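Report on the following structure.
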Amino acid sequence: MTLDPYELRHLVAHLDLAGNTAELHRLLTASDAHGRNLWFGLKDVQGDVDGYRRDVDRAQRTVRRVVDMELDEGRTTRDIGREVHYLLLSLSVVDQVGNMPPELFAAMVAKGVWSPETALRAASGDVGAVASLLRYLPTDVAERAVTDALATVSTQPQPWDRSNMLAQLAPHLTARHGERAVALLAGLPGHLRRKPAERLAGRVRADQLRTVVDLVTEIDDVRDRSQALAAIGEHVADDVDAITAAADTIVDPDHRAVALSGIIDRLSSSVLPELLAAMATEREDRFWRARALELLRPSLSDELLPAAMTATDNLEGEVRLAALIAIAPVLTPELASTALRTALAADGLWGQDELIIALTSRLSSTDVDVVVRDARRRGAQAVLAAAALVVGPAERATLFSEAVDILEQRLKSPKGARGDPGTRKREARTFAELPTELLGRAVELVEGMSPEMAVALAERLSQAGLAKEREQVLRTTLHTIRDWQSDHEDEDGARFRAMTTIAPALSRTLRWDALTVAGKAGEDRNEGDWRAVQLVRTSVRELVPYLDADQLSVAVSMIREIRDAVDRSAALTGLLAYLGEPERTAALEWTLAVTDEIIDPYDRRDRIVELAPILPARSFERILAMTDEIDELEIMAETLARIGDHVPAELVLDIDDLLADVDCPRWTSLAYARLAHRVTGKLRRRFYARAVADFDRLDDDEWVRQEPDILRALLPVTPDDSLPDLRAKADRIYYLDERARFLVDLAARLKGRARAETLTAALATARQVERLEDRAKAIAAVGEDVPGVLAAIDEIDDVGCRNVAFAALGRPVSAESVLQLEHRMREESPGDNDALARNRQSFVYLASRAPVDLVPHLLGAVKDLPSELDRVDLLLALAPRLPEDLLPAALQALDDVDIDLEDAAQVLATLTARFRDPPGPELKQLWGAARSMMMRGRRQDALTTLGTVAELVALTGGEAGVKEAAQAVHSVGEWFP
C-alpha cells in the first residue's frame, strides 16, 4: 500500500466520517507480507505511533457507540468482538511504548535514528520520555511539550504516578511553570513529596521555593523530610530562615543535622558544634548517624573532628563502623589510629574491611603494618590491595601478589565471587594499581570474577596497553553473565546489575553480545510475567548511551516485545466454549500453539490444567507432549495428576509411562488414584496399589498437603474390605477440619456400627479444630442427625461462629444476626487481629445467606472491609442473589473498592451468571463495566479479564462476536508479540 503523508494522517478519519466501518476495520486489522499489522507498520515508519493509537481509539469510540445502541435494542452484536480488537490494539501500542525507557528516546534522536519531532510524537503521554527529549527540541516546541506533560501529570489517578512523573519533569521546568508544578506538589500525599520537591528546588522562584519548604515540612516521615530539606538547602540563596525553621521541628539530632547540612556553612559557627554535641547524647543505635556525618564532613575542621569522633562513641557494632566510615577520609593520623582499633576489634561485622580501607591513606606507617598483619591473618584480599597503595615499591609488589593469591583461592572455591555489592566493589579495587607483571595471572582468573572485578581488570589492562587481553576479559564476562541460570543468587536483578557495571567498558563488537545477554534476561523469566519485559528494559537501558544507530534499532525491537503468552492462552481458553465449528477448531489450534510457547513450568502447568476439561480427545496427545516437555519432574507429575480425569481412556497408559520413573509421591499418588477410576480389572488394582504405596511414602513435612485429595480420589475405588485401612490413613491428614470432612465422606460408604463410629470420630475431630469459624463449618459438615452435633455447636464460644454453623446446616439466617455481627466487627479492638479476622469471615459467610432485603445494606458495607480478600468474597457472595435494581449499586461498589483486576473480573463473571437467563438490559451495564476494566491495565490484564468474562462476550456478542474476539486475541498476539 502506497499512501502520501496526507492520506496516512487522515484516511481513518475519512472512513469513519463516511460511515464505512467495514473498510475501516479491514484497514486496521490487515496484515502485511511479513505478518505484521499493516497500518501500524505504515505509521511506525513515519514515527507516528501516537497517530496510530489515535486512529485505533477513534475506531474504538465509533464501534462502542454501535455496541451500546444494539445492546439497548436487546440484540447481540458482533461488534463486541471488534471492540475487543481495537482495545487490544490500543493497549499493545501503549505497552510497547511504555516498555521503552526514556533514555532510549533521547538516544534515538542523538544518534540520528529519529528526528526530535518523530521521537516526541512517539513519546506522547510518557512524561519521562518527553523530559529526556526536551534538550533536542526548539524552545517553543519544548515549552509546549512541558505544558502538555504537566497536564498529563495532573490527569493521573494514582498519586504514586503523579509523584514519579513530576520528579522526572522537574529538572526541565522553567520559572513560568513553577506555579503549576508547586500546585501539583501540594496535591500529593506527604509521603510522596520528597523526590519531586528535591528536584523542583532549583527550578522555581524564591517565593515558590518557600512554599515548597512549607509542603516538605508537612511530610510525616522524618527521614524523607530531613533529606528533602538538605537537598532544597543547596538551592537557597541568602534566606535560610525557612530551612532553619523547618529543621527546628525535627527533634532527633541526626535527622536535624541532615536537614541543615545543605545550609550549614551559612549558619552561625556555633550550630555545628551544638549538633555534634546533641548527637553524642543519643544512646541508641542510630543508623542515620552515618548519613548525617557524611553530609557534614566537608564542613568538619580539624578542631571539630574530635567532637565528630565522640558522636560515634555511643554507637555499637555495624552502626558505629558506618559512622566512622563517613568521617574516615578527613581524620587526622591520631584519630585514624583510634578508629583503626575499633575496626580491628570488629571481626566479622559488616563494614570492617570498608573502614580499614577508608583509613589506610590516613594512617601512620606503624599502623599500616598492623593493618597488613591483620589482613594476612584474615585473608582480607581487598585490604591487602589497599595497603599496597600506601607502602614502598618493594613491599607493594609483595602485597599485591599476596592479594592475587587470596583472590585465586576464593574464585576457585564453590562460592566463587558471589557476595554483596559492597564486597564485590572492594575486591575490584585489587586491580586498580595491579603491577603489570601480575596482569597475566589475573586474566587467567576471569571466569570466576564478578563483573565489578572484570571491569576493573579491563581498565587496568587498557592502561597497560593490553587491548587484546582487555577484550578477552570483557567477552568472557559477558558470556558468564549470559549463561547464569535463573537461580543465580538474585535472579531478577543479577544480570541487570552486571550490565550496569560492564556497559561503559564494552567495545562496539561486544555491545552486540551485550544485547543478546539483555534479551536472555527476559527469556529466563516467566513468559506471562511483566518482569521479563522489565528485565530486558532495565538491562538495555544501561547499554543505551553506548549503542550506535543500528544497535539502537535492535534494542527498540527487543523492548517492544510484550510477553503475555500465558494471558493469550487464558483468553482463548475462556472463549473456546462459546464457539461453534469450524471456528472452534481454528481457535483451539491457536490456543494450543500459544500454550506451547509458555516456558515457565508453573504457567505451562496452569494453562494445560485449565484447557484439559474442554479439549476434544484428539488434542490430548499434543497436551501430553507439552506436559512431557516440562523439565521439572515434580511439576510434570502434578500436571498429569490434575488432568488425569480428562485424558481419554486410550491414553491412560501413556500417562503411566510418563510417571513410571518419577519419584514424587504426593503427585504420583494423586495421579494414580485418579487414573484408577478410568480403568478396570488388573490395571485398576495396579494403579490403586501404586497410589497407596506412594501415599505411604509421603513426608510429614510436605509443604503441599495432598492427603485429603488423594484419599478422596481413592475412596470410590477402594474395595470394601480395605476401607478400614483408609480410615487409618485419614490420621495422616494434617488439618483437622479436612480430616473431619473426609471421615464424613468415608462414613457414606460404610454401614451400621462402622458408619456410626466413623461419624462419631468425625465429630470428635471437628471439635478439636482451633479456628472457631473452621470448627463451626466442620461440625456442621457432620450433620445435625448425628448425636452431639448441636451440643458441639452450642459449645462454640462465639455467637457469630455459632450462627455460621447453623447456616451451614441449612438453617435460615436472620437479618438481626448479620447486623449484630457487623456491629461487633466495627466495634472490635484494632489490636485483636484474631477476633477481627474471625468476625469479618463470619460476616461474609452469613451475608451470603442473609435475607435478600438486606443486600442493599451489605453492598454499602463492602468498602468498609479492610481486607481485599474479604471485599472480594462478599461481592462474590452477594452476586448470585442480587436484585435487578441493585446492579448499578453493585457495579459502583466494584468500582469503588480496591481489589485486584483479576478478582474484579471474577465478580463480573458471577454477576453475568446471575443475569444471563433471560438476557436483559443488565448485560449492557455488565459489558460497560468489563470494558472499563479492560481499559484500566496492561494488555495482559485485559486478556485475563477477557478470558474470565467470556460468557458475557458470548451473551452480548453472540457466536460472531466471540469469533471476532478470539481472532483479535490471536492476531494481536502475532502482530505485537
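Chain labels A, B, ... are given in the sequence in which chains occur in the C-alpha cells; within each chain residues are numbered consecutively from 1, and ligands are likewise numbered from 1 in the order shown.
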Which residues come within 12 Å of Glu433 in chain A, counting only C-alpha atoms, excluding same-chain residues fewer than 6 positions away, as a VMD selection string?
chain A and resid 385 to 390 393 396 to 397 399 to 401 439 456 to 461 463 to 464
If you run DSSP on the backbone here, which positions in range 748-851 of chain A get helix (DSSP H, G or I)? Please write them as a PyMOL selection string.
chain A and resi 752-766+772-782+789-794+799-808+815-827+833-847
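Take CA of Ala428 in chain A and CA of Asp353 in chain A: the distance between them is 13.4 Å.
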Test item: residues at most 10 Å from Leu209 in chain A, only C-alpha atoms, excluding those fewer than 5 positions along its chain, as a ChimeraX atom specification
/A:178,182,197,200-204,214-215,232,235-236,242
Which residues, written as JSON, numbers by chain, have at least one atom at most 10 Å from range 747-757 of chain A, with only C-alpha atoms counted and residues fewer than 6 positions away on the same chain left out?
{"A": [715, 716, 720, 723, 724, 727, 741, 763, 782, 786, 787]}
Calculate how many Å separate CA of Ala228 in chain A from CA of Arg194 in chain A, rounding to one decimal.
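Rounded to one decimal, the two atoms are 5.5 Å apart.
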